[in-house]
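Coordinates as given in coords.csv (CSV, C-alpha atoms and all ligand atoms):
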```csv
chain,number,residue,atom,x,y,z
A,1,MET,CA,-68.4,-45.1,38.6
A,2,ASN,CA,-67.4,-48.6,37.8
A,3,ASP,CA,-70.3,-50.0,39.8
A,4,LYS,CA,-72.8,-48.1,37.8
A,5,SER,CA,-74.4,-48.8,34.4
A,6,PRO,CA,-72.3,-47.6,31.4
A,7,ILE,CA,-72.8,-44.2,29.8
A,8,HIS,CA,-74.3,-44.2,26.3
A,9,LEU,CA,-73.2,-41.3,24.1
A,10,GLN,CA,-76.3,-39.8,22.7
A,11,ASP,CA,-77.7,-36.8,20.8
A,12,GLY,CA,-77.3,-33.8,23.0
A,13,ASP,CA,-73.9,-34.8,24.2
A,14,ALA,CA,-70.7,-32.9,23.5
A,15,LEU,CA,-67.0,-33.0,24.4
A,16,LEU,CA,-65.5,-29.8,25.8
A,17,ILE,CA,-61.7,-29.7,25.9
A,18,VAL,CA,-60.3,-26.9,28.1
A,19,ASP,CA,-57.1,-25.1,27.2
A,20,VAL,CA,-54.8,-27.9,26.0
A,21,GLN,CA,-52.2,-25.4,24.8
A,22,ASN,CA,-48.5,-25.5,24.5
A,23,ASP,CA,-47.8,-22.9,27.3
A,24,PHE,CA,-49.6,-25.2,29.8
A,25,LEU,CA,-47.6,-28.3,28.9
A,26,PRO,CA,-44.1,-29.2,30.3
A,27,GLY,CA,-41.6,-26.7,28.8
A,28,GLY,CA,-44.3,-24.1,28.4
A,29,LYS,CA,-44.5,-20.6,30.0
A,30,LEU,CA,-47.1,-21.7,32.6
A,31,ALA,CA,-46.4,-25.4,32.7
A,32,VAL,CA,-48.9,-27.6,34.5
A,33,PRO,CA,-47.2,-30.6,36.1
A,34,GLU,CA,-47.9,-33.6,33.9
A,35,GLY,CA,-50.1,-31.4,31.7
A,36,ASP,CA,-49.3,-33.6,28.7
A,37,ALA,CA,-50.9,-36.6,30.4
A,38,VAL,CA,-54.3,-35.3,29.4
A,39,ILE,CA,-53.6,-35.7,25.7
A,40,ALA,CA,-53.9,-39.5,25.3
A,41,PRO,CA,-57.2,-39.8,27.2
A,42,LEU,CA,-58.6,-36.8,25.4
A,43,ASN,CA,-57.7,-38.3,22.1
A,44,ALA,CA,-59.6,-41.4,23.0
A,45,TRP,CA,-62.6,-39.3,24.0
A,46,ILE,CA,-62.3,-37.4,20.7
A,47,GLU,CA,-62.4,-40.6,18.8
A,48,ARG,CA,-65.5,-41.9,20.6
A,49,VAL,CA,-67.4,-38.6,20.4
A,50,GLU,CA,-66.4,-38.1,16.8
A,51,ARG,CA,-67.6,-41.5,15.8
A,52,ARG,CA,-71.1,-40.6,17.1
A,53,GLY,CA,-71.0,-37.3,15.1
A,54,LEU,CA,-71.3,-35.3,18.3
A,55,PRO,CA,-69.9,-31.8,18.7
A,56,ILE,CA,-66.3,-31.3,20.0
A,57,ILE,CA,-65.4,-27.9,21.4
A,58,ALA,CA,-62.0,-26.7,22.4
A,59,THR,CA,-61.5,-23.6,24.5
A,60,ARG,CA,-58.2,-21.6,24.4
A,61,ASP,CA,-56.7,-19.0,26.7
A,62,TRP,CA,-56.1,-16.2,24.1
A,63,HIS,CA,-54.6,-13.2,25.9
A,64,PRO,CA,-53.4,-9.9,24.5
A,65,ALA,CA,-49.7,-9.2,25.3
A,66,ASP,CA,-50.6,-6.8,28.1
A,67,HIS,CA,-53.2,-9.0,29.8
A,68,CYS,CA,-54.1,-8.0,33.4
A,69,SER,CA,-53.3,-11.5,34.7
A,70,PHE,CA,-49.6,-11.1,33.8
A,71,GLN,CA,-47.1,-10.3,36.5
A,72,ALA,CA,-46.0,-7.1,34.7
A,73,ARG,CA,-49.5,-5.8,35.4
A,74,GLY,CA,-49.6,-7.1,39.0
A,75,GLY,CA,-51.4,-10.3,38.1
A,76,PRO,CA,-50.4,-13.8,39.4
A,77,TRP,CA,-49.1,-15.4,36.2
A,78,PRO,CA,-46.1,-15.2,33.9
A,79,VAL,CA,-46.8,-14.2,30.3
A,80,HIS,CA,-48.7,-17.1,28.7
A,81,CYS,CA,-51.0,-18.0,25.8
A,82,VAL,CA,-50.5,-14.7,24.0
A,83,ALA,CA,-52.9,-14.8,21.0
A,84,GLY,CA,-51.2,-15.9,17.8
A,85,THR,CA,-48.0,-17.1,19.4
A,86,PRO,CA,-46.7,-20.8,19.4
A,87,GLY,CA,-47.4,-21.1,23.1
A,88,ALA,CA,-51.1,-20.4,22.5
A,89,GLU,CA,-51.4,-23.1,19.9
A,90,PHE,CA,-53.2,-26.3,20.8
A,91,ALA,CA,-50.9,-29.2,21.7
A,92,PRO,CA,-49.7,-30.6,18.3
A,93,THR,CA,-50.5,-34.2,19.4
A,94,LEU,CA,-54.1,-33.4,20.4
A,95,ARG,CA,-56.2,-34.8,17.5
A,96,LEU,CA,-58.8,-32.0,17.2
A,97,PRO,CA,-61.1,-32.6,14.3
A,98,LYS,CA,-61.3,-30.0,11.6
A,99,ASN,CA,-64.8,-29.2,12.5
A,100,ALA,CA,-64.1,-28.6,16.2
A,101,TRP,CA,-65.5,-25.4,17.6
A,102,ILE,CA,-62.8,-23.1,18.8
A,103,ILE,CA,-63.7,-20.8,21.7
A,104,SER,CA,-61.2,-18.0,22.5
A,105,LYS,CA,-61.4,-16.5,26.0
A,106,ALA,CA,-59.8,-13.9,28.2
A,107,THR,CA,-59.1,-11.8,25.1
A,108,SER,CA,-59.7,-8.4,26.7
A,109,PRO,CA,-56.6,-6.7,28.3
A,110,ASP,CA,-58.5,-5.8,31.5
A,111,GLN,CA,-60.5,-8.9,32.2
A,112,GLU,CA,-59.6,-12.3,33.4
A,113,ALA,CA,-61.8,-15.2,32.3
A,114,TYR,CA,-61.0,-18.7,33.6
A,115,SER,CA,-64.3,-20.1,32.3
A,116,GLY,CA,-65.0,-20.8,28.7
A,117,PHE,CA,-68.5,-19.4,29.3
A,118,GLN,CA,-67.2,-16.0,30.5
A,119,GLY,CA,-67.5,-13.4,27.8
A,120,THR,CA,-68.1,-15.9,25.0
A,121,ASP,CA,-71.2,-17.2,23.1
A,122,LEU,CA,-70.5,-20.8,24.2
A,123,ALA,CA,-73.7,-21.3,26.2
A,124,THR,CA,-75.9,-19.9,23.3
A,125,ARG,CA,-74.1,-22.0,20.7
A,126,LEU,CA,-74.4,-25.2,22.8
A,127,ARG,CA,-78.2,-24.6,23.3
A,128,GLU,CA,-78.6,-23.8,19.6
A,129,ALA,CA,-76.9,-27.2,18.8
A,130,GLY,CA,-79.3,-29.0,21.3
A,131,VAL,CA,-76.4,-29.9,23.7
A,132,ARG,CA,-77.6,-30.9,27.2
A,133,ARG,CA,-74.7,-32.9,28.5
A,134,LEU,CA,-71.0,-31.9,28.5
A,135,PHE,CA,-68.0,-34.2,29.0
A,136,ILE,CA,-65.3,-31.8,30.2
A,137,GLY,CA,-61.5,-32.3,30.5
A,138,GLY,CA,-58.3,-30.4,30.0
A,139,LEU,CA,-56.2,-27.9,31.8
A,140,ALA,CA,-55.9,-26.7,34.5
A,141,THR,CA,-58.1,-28.5,37.0
A,142,ASP,CA,-57.9,-25.7,39.6
A,143,TYR,CA,-58.5,-22.8,37.3
A,144,CYS,CA,-60.1,-23.1,33.9
A,145,VAL,CA,-61.5,-26.6,34.3
A,146,LEU,CA,-63.0,-25.6,37.7
A,147,ASN,CA,-64.6,-22.4,36.5
A,148,THR,CA,-65.8,-23.9,33.2
A,149,VAL,CA,-67.4,-26.8,35.0
A,150,LYS,CA,-69.1,-24.6,37.6
A,151,ASP,CA,-70.5,-22.3,34.9
A,152,ALA,CA,-71.7,-25.2,32.8
A,153,LEU,CA,-73.6,-26.5,35.8
A,154,GLN,CA,-75.0,-23.1,36.5
A,155,GLU,CA,-76.1,-22.8,32.9
A,156,GLY,CA,-78.1,-26.0,33.4
A,157,PHE,CA,-75.9,-28.5,31.6
A,158,THR,CA,-75.3,-32.0,32.9
A,159,VAL,CA,-71.5,-32.2,33.4
A,160,PHE,CA,-69.3,-35.3,33.3
A,161,LEU,CA,-65.8,-34.6,34.6
A,162,LEU,CA,-63.2,-36.6,32.7
A,163,GLN,CA,-61.3,-37.5,35.9
A,164,ASP,CA,-58.2,-39.0,34.2
A,165,ALA,CA,-58.0,-36.2,31.6
A,166,ILE,CA,-57.4,-33.2,33.9
A,167,ARG,CA,-54.2,-31.9,35.7
A,168,ALA,CA,-53.8,-29.1,38.2
A,169,VAL,CA,-51.3,-26.2,38.6
A,170,ASN,CA,-51.3,-26.7,42.4
A,171,VAL,CA,-49.9,-23.3,43.3
A,172,LYS,CA,-50.7,-24.5,46.8
A,173,PRO,CA,-50.5,-28.2,47.4
A,174,GLY,CA,-54.0,-29.7,47.3
A,175,ASP,CA,-55.5,-27.1,45.1
A,176,GLY,CA,-56.3,-29.7,42.4
A,177,GLU,CA,-58.0,-32.1,44.9
A,178,ARG,CA,-60.0,-29.2,46.4
A,179,ALA,CA,-61.1,-28.1,42.9
A,180,ILE,CA,-62.3,-31.7,42.2
A,181,ALA,CA,-64.2,-31.8,45.5
A,182,GLU,CA,-65.8,-28.5,44.6
A,183,MET,CA,-66.8,-29.7,41.1
A,184,LEU,CA,-68.3,-32.9,42.5
A,185,ALA,CA,-70.2,-31.0,45.2
A,186,ALA,CA,-71.6,-28.7,42.6
A,187,GLY,CA,-73.0,-31.7,40.7
A,188,ALA,CA,-70.3,-32.8,38.2
A,189,VAL,CA,-70.2,-36.6,37.7
A,190,PRO,CA,-66.7,-38.1,37.5
A,191,VAL,CA,-66.1,-40.5,34.6
A,192,THR,CA,-63.4,-42.3,32.8
A,193,LEU,CA,-63.4,-43.9,29.4
A,194,ALA,CA,-64.1,-47.2,31.1
A,195,ASP,CA,-67.5,-45.9,32.1
A,196,LEU,CA,-68.5,-45.6,28.5
A,197,GLU,CA,-70.5,-48.3,26.7
A,198,SER,CA,-68.2,-50.5,24.7
A,199,PRO,CA,-67.6,-49.0,21.2
A,201,LIG,C1,-55.3,-21.0,33.2
A,201,LIG,C2,-54.0,-19.9,34.7
A,201,LIG,C3,-54.0,-18.8,33.9
A,201,LIG,C4,-56.0,-22.3,32.8
A,201,LIG,C5,-55.3,-19.9,32.4
A,201,LIG,O1,-56.2,-22.5,31.6
A,201,LIG,O2,-56.4,-23.1,33.7
A,201,LIG,N1,-54.7,-21.0,34.3
A,201,LIG,N2,-54.7,-18.8,32.7
A,202,ZN,ZN,-54.5,-17.3,31.3
```
Mind turning the file's structure into structure tokens?
Ligand code: VGL
Ligand code: ZN
Amino acid sequence: MNDKSPIHLQDGDALLIVDVQNDFLPGGKLAVPEGDAVIAPLNAWIERVERRGLPIIATRDWHPADHCSFQARGGPWPVHCVAGTPGAEFAPTLRLPKNAWIISKATSPDQEAYSGFQGTDLATRLREAGVRRLFIGGLATDYCVLNTVKDALQEGFTVFLLQDAIRAVNVKPGDGERAIAEMLAAGAVPVTLADLESP
């Protein structure tokens, strides 16, 4: 987007950080390759968004110990992000402000929810707060970022995809690239910090 005019953060904007939790980082139970690379750019976005007094929302995968997505129950994933465990905590270096909204998802044993909008009051809360544009980054590109971005667009929000603050699981090579193509085709606008007006 470097050939376009800069983006001005304004009322109605919010930052939505998807699942930056220990189990998705290198060494975690469901490590996303280079998952920790999203933290520095997200911290920079947090600083810019916080300076404008705009809402910051963090979703978290928050599973019961017997969640249906786990291999013991025939699901695709190793046990990860069990509610209340260290693996489910946000990355300690992610500088989430005290007043960040925390949205827990996939909390029911028998239901998977990759999207932060699925089975949560996120859309209602965003509308109540007057949010119209979402800047979305986090983990993982090909699962929870993909589904959160698609739902956000479906709910009528404008979506900016933080293209240097996402990383993919890539169960199959190319999954991340395909997910990005799908998000852009659905209407998400790719941005980096360099596309923002100067501070
Ligand atoms: C996720 C796989 C399983 C994600 C969550 O946050 O993208 N991926 N659960
Ligand atoms: Zn999960």
Kindly provide, as a PyMOL selection string, all nucleotide and amino acid residues lying within 9 Å of ligand LIG 201 (chain A), counting all atoms listed in the file.
-> chain A and resi 18-21+24+30+32+59-61+63+69-70+76-78+80-81+106+112-115+138-147+168-169
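You can rank A:Asn170, A:Thr158, A:Ser108, A:Gln71 by their closest distance to Gly35 of chain A using all atoms listed in the file, and at the top of that list sits A:Asn170.
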Which of these, A:Arg133, A:Phe117, A:Glu89, A:Gly27, has the shortest distance to Asp151 of chain A once you count all atoms listed in the file?
-> A:Phe117
Counting all atoms listed in the file, which of A:Arg167, A:Lys105, A:Arg178, A:Arg95 gets nearest to Gly119 of chain A?
-> A:Lys105
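Proximity ranking of A:Gly176, A:Gly137, A:Pro92, A:Gly116 relative to ligand ZN 202 (chain A) places A:Gly116 first, based on all atoms listed in the file.
With atom CA of Ala181 of chain A on one side and atom CA of Thr120 of chain A on the other, the separation reads 26.2 Å.
Atom pair atom CA of Phe157 of chain A / atom CA of Asp175 of chain A has a distance of 24.5 Å (rounded to one decimal).
Among the candidate residues A:Ala83, A:Ala44, A:Ala123, A:Cys68, the one lying nearest to Thr192 of chain A is A:Ala44, with distances computed using all atoms listed in the file.
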Rounded to one decimal in Å, what is the spacing between atom CA of Ser198 of chain A and atom CA of Arg48 of chain A?
-> 9.9 Å
Near-segment 36-40 of chain A list (6 Å; all atoms listed in the file; drop same-chain fewer than 4 positions) as a list in words = Leu25, Leu94, Ala165 and Ile166 of chain A
Fewer than 6 positions away in the same chain doesn't count, so skip those; otherwise give me all residues within 12 Å of Pro199 of chain A, counting only C-alpha atoms, as a PyMOL selection string.
-> chain A and resi 6-9+44-45+47-52+193
Which residue of A:Pro64, A:Pro86, A:Pro97, A:Gly156 approaches ligand ZN 202 (chain A) most closely, using all atoms listed in the file =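 Ranked by minimum distance to ligand ZN 202 (chain A), first place goes to A:Pro64.
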Could you pull the residues within 12 Å of Ala100 of chain A, counting only C-alpha atoms, minus those fewer than 4 positions along the same chain, as an NGL selection string?
-> :A and (14-17 or 46 or 49-50 or 53-59 or 94-96)
Completion step: segment 154-165 of chain A with all heavy atoms as a PDB file, keeping the file's coordinate frame:
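Saved the output as part.pdb:
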```
ATOM      1  N   GLN A 154     -74.114 -24.234  36.269  1.00  0.00           N
ATOM      2  CA  GLN A 154     -75.000 -23.100  36.500  1.00  0.00           C
ATOM      3  C   GLN A 154     -75.881 -22.781  35.297  1.00  0.00           C
ATOM      4  O   GLN A 154     -77.021 -22.364  35.447  1.00  0.00           O
ATOM      5  CB  GLN A 154     -74.092 -21.842  36.759  1.00  0.00           C
ATOM      6  CG  GLN A 154     -74.744 -20.778  37.603  1.00  0.00           C
ATOM      7  CD  GLN A 154     -74.031 -20.670  38.940  1.00  0.00           C
ATOM      8  OE1 GLN A 154     -72.793 -20.631  38.991  1.00  0.00           O
ATOM      9  NE2 GLN A 154     -74.779 -20.657  40.020  1.00  0.00           N
ATOM     10  N   GLU A 155     -75.344 -23.041  34.115  1.00  0.00           N
ATOM     11  CA  GLU A 155     -76.100 -22.800  32.900  1.00  0.00           C
ATOM     12  C   GLU A 155     -77.115 -23.942  32.627  1.00  0.00           C
ATOM     13  O   GLU A 155     -77.835 -23.930  31.642  1.00  0.00           O
ATOM     14  CB  GLU A 155     -75.169 -22.718  31.667  1.00  0.00           C
ATOM     15  CG  GLU A 155     -74.281 -21.469  31.660  1.00  0.00           C
ATOM     16  CD  GLU A 155     -75.017 -20.223  31.173  1.00  0.00           C
ATOM     17  OE1 GLU A 155     -76.181 -20.336  30.763  1.00  0.00           O
ATOM     18  OE2 GLU A 155     -74.415 -19.148  31.216  1.00  0.00           O
ATOM     19  N   GLY A 156     -77.093 -24.943  33.492  1.00  0.00           N
ATOM     20  CA  GLY A 156     -78.100 -26.000  33.400  1.00  0.00           C
ATOM     21  C   GLY A 156     -77.665 -27.239  32.632  1.00  0.00           C
ATOM     22  O   GLY A 156     -78.475 -28.144  32.408  1.00  0.00           O
ATOM     23  N   PHE A 157     -76.400 -27.310  32.253  1.00  0.00           N
ATOM     24  CA  PHE A 157     -75.900 -28.500  31.600  1.00  0.00           C
ATOM     25  C   PHE A 157     -75.595 -29.600  32.592  1.00  0.00           C
ATOM     26  O   PHE A 157     -75.174 -29.313  33.708  1.00  0.00           O
ATOM     27  CB  PHE A 157     -74.659 -28.208  30.741  1.00  0.00           C
ATOM     28  CG  PHE A 157     -74.909 -27.232  29.616  1.00  0.00           C
ATOM     29  CD1 PHE A 157     -74.603 -25.883  29.772  1.00  0.00           C
ATOM     30  CD2 PHE A 157     -75.477 -27.648  28.421  1.00  0.00           C
ATOM     31  CE1 PHE A 157     -74.853 -24.967  28.748  1.00  0.00           C
ATOM     32  CE2 PHE A 157     -75.732 -26.744  27.397  1.00  0.00           C
ATOM     33  CZ  PHE A 157     -75.413 -25.401  27.563  1.00  0.00           C
ATOM     34  N   THR A 158     -75.795 -30.836  32.180  1.00  0.00           N
ATOM     35  CA  THR A 158     -75.300 -32.000  32.900  1.00  0.00           C
ATOM     36  C   THR A 158     -73.780 -32.035  32.636  1.00  0.00           C
ATOM     37  O   THR A 158     -73.375 -31.904  31.475  1.00  0.00           O
ATOM     38  CB  THR A 158     -75.960 -33.267  32.498  1.00  0.00           C
ATOM     39  OG1 THR A 158     -77.340 -33.186  32.863  1.00  0.00           O
ATOM     40  CG2 THR A 158     -75.325 -34.486  33.137  1.00  0.00           C
ATOM     41  N   VAL A 159     -72.954 -32.234  33.658  1.00  0.00           N
ATOM     42  CA  VAL A 159     -71.500 -32.200  33.400  1.00  0.00           C
ATOM     43  C   VAL A 159     -70.893 -33.560  33.908  1.00  0.00           C
ATOM     44  O   VAL A 159     -71.063 -33.960  35.065  1.00  0.00           O
ATOM     45  CB  VAL A 159     -70.815 -31.072  34.160  1.00  0.00           C
ATOM     46  CG1 VAL A 159     -69.297 -31.202  34.065  1.00  0.00           C
ATOM     47  CG2 VAL A 159     -71.273 -29.734  33.588  1.00  0.00           C
ATOM     48  N   PHE A 160     -70.183 -34.195  32.986  1.00  0.00           N
ATOM     49  CA  PHE A 160     -69.300 -35.300  33.300  1.00  0.00           C
ATOM     50  C   PHE A 160     -67.884 -34.824  33.333  1.00  0.00           C
ATOM     51  O   PHE A 160     -67.422 -34.266  32.336  1.00  0.00           O
ATOM     52  CB  PHE A 160     -69.498 -36.462  32.313  1.00  0.00           C
ATOM     53  CG  PHE A 160     -70.868 -37.078  32.328  1.00  0.00           C
ATOM     54  CD1 PHE A 160     -71.808 -36.756  31.361  1.00  0.00           C
ATOM     55  CD2 PHE A 160     -71.232 -37.978  33.331  1.00  0.00           C
ATOM     56  CE1 PHE A 160     -73.082 -37.325  31.378  1.00  0.00           C
ATOM     57  CE2 PHE A 160     -72.498 -38.545  33.357  1.00  0.00           C
ATOM     58  CZ  PHE A 160     -73.428 -38.219  32.386  1.00  0.00           C
ATOM     59  N   LEU A 161     -67.202 -35.004  34.450  1.00  0.00           N
ATOM     60  CA  LEU A 161     -65.800 -34.600  34.600  1.00  0.00           C
ATOM     61  C   LEU A 161     -64.889 -35.727  34.206  1.00  0.00           C
ATOM     62  O   LEU A 161     -64.943 -36.799  34.823  1.00  0.00           O
ATOM     63  CB  LEU A 161     -65.548 -34.122  36.028  1.00  0.00           C
ATOM     64  CG  LEU A 161     -64.130 -33.662  36.343  1.00  0.00           C
ATOM     65  CD1 LEU A 161     -63.779 -32.378  35.580  1.00  0.00           C
ATOM     66  CD2 LEU A 161     -63.971 -33.446  37.856  1.00  0.00           C
ATOM     67  N   LEU A 162     -64.055 -35.515  33.205  1.00  0.00           N
ATOM     68  CA  LEU A 162     -63.200 -36.600  32.700  1.00  0.00           C
ATOM     69  C   LEU A 162     -61.991 -36.682  33.705  1.00  0.00           C
ATOM     70  O   LEU A 162     -60.972 -36.004  33.566  1.00  0.00           O
ATOM     71  CB  LEU A 162     -62.681 -36.272  31.312  1.00  0.00           C
ATOM     72  CG  LEU A 162     -63.799 -35.943  30.308  1.00  0.00           C
ATOM     73  CD1 LEU A 162     -63.218 -35.761  28.906  1.00  0.00           C
ATOM     74  CD2 LEU A 162     -64.873 -37.022  30.319  1.00  0.00           C
ATOM     75  N   GLN A 163     -62.137 -37.549  34.694  1.00  0.00           N
ATOM     76  CA  GLN A 163     -61.300 -37.500  35.900  1.00  0.00           C
ATOM     77  C   GLN A 163     -59.808 -37.885  35.563  1.00  0.00           C
ATOM     78  O   GLN A 163     -58.915 -37.489  36.299  1.00  0.00           O
ATOM     79  CB  GLN A 163     -61.819 -38.268  37.022  1.00  0.00           C
ATOM     80  CG  GLN A 163     -62.076 -39.720  36.725  1.00  0.00           C
ATOM     81  CD  GLN A 163     -62.614 -40.435  37.967  1.00  0.00           C
ATOM     82  OE1 GLN A 163     -62.394 -40.008  39.080  1.00  0.00           O
ATOM     83  NE2 GLN A 163     -63.306 -41.546  37.755  1.00  0.00           N
ATOM     84  N   ASP A 164     -59.555 -38.640  34.501  1.00  0.00           N
ATOM     85  CA  ASP A 164     -58.200 -39.000  34.200  1.00  0.00           C
ATOM     86  C   ASP A 164     -57.631 -38.085  33.044  1.00  0.00           C
ATOM     87  O   ASP A 164     -56.533 -38.317  32.540  1.00  0.00           O
ATOM     88  CB  ASP A 164     -57.995 -40.454  33.854  1.00  0.00           C
ATOM     89  CG  ASP A 164     -58.910 -40.912  32.736  1.00  0.00           C
ATOM     90  OD1 ASP A 164     -59.695 -40.084  32.227  1.00  0.00           O
ATOM     91  OD2 ASP A 164     -58.852 -42.101  32.372  1.00  0.00           O
ATOM     92  N   ALA A 165     -58.387 -37.065  32.661  1.00  0.00           N
ATOM     93  CA  ALA A 165     -58.000 -36.200  31.600  1.00  0.00           C
ATOM     94  C   ALA A 165     -57.932 -34.711  32.065  1.00  0.00           C
ATOM     95  O   ALA A 165     -58.227 -33.777  31.309  1.00  0.00           O
ATOM     96  CB  ALA A 165     -58.893 -36.311  30.378  1.00  0.00           C
TER      97      ALA A 165
END
```
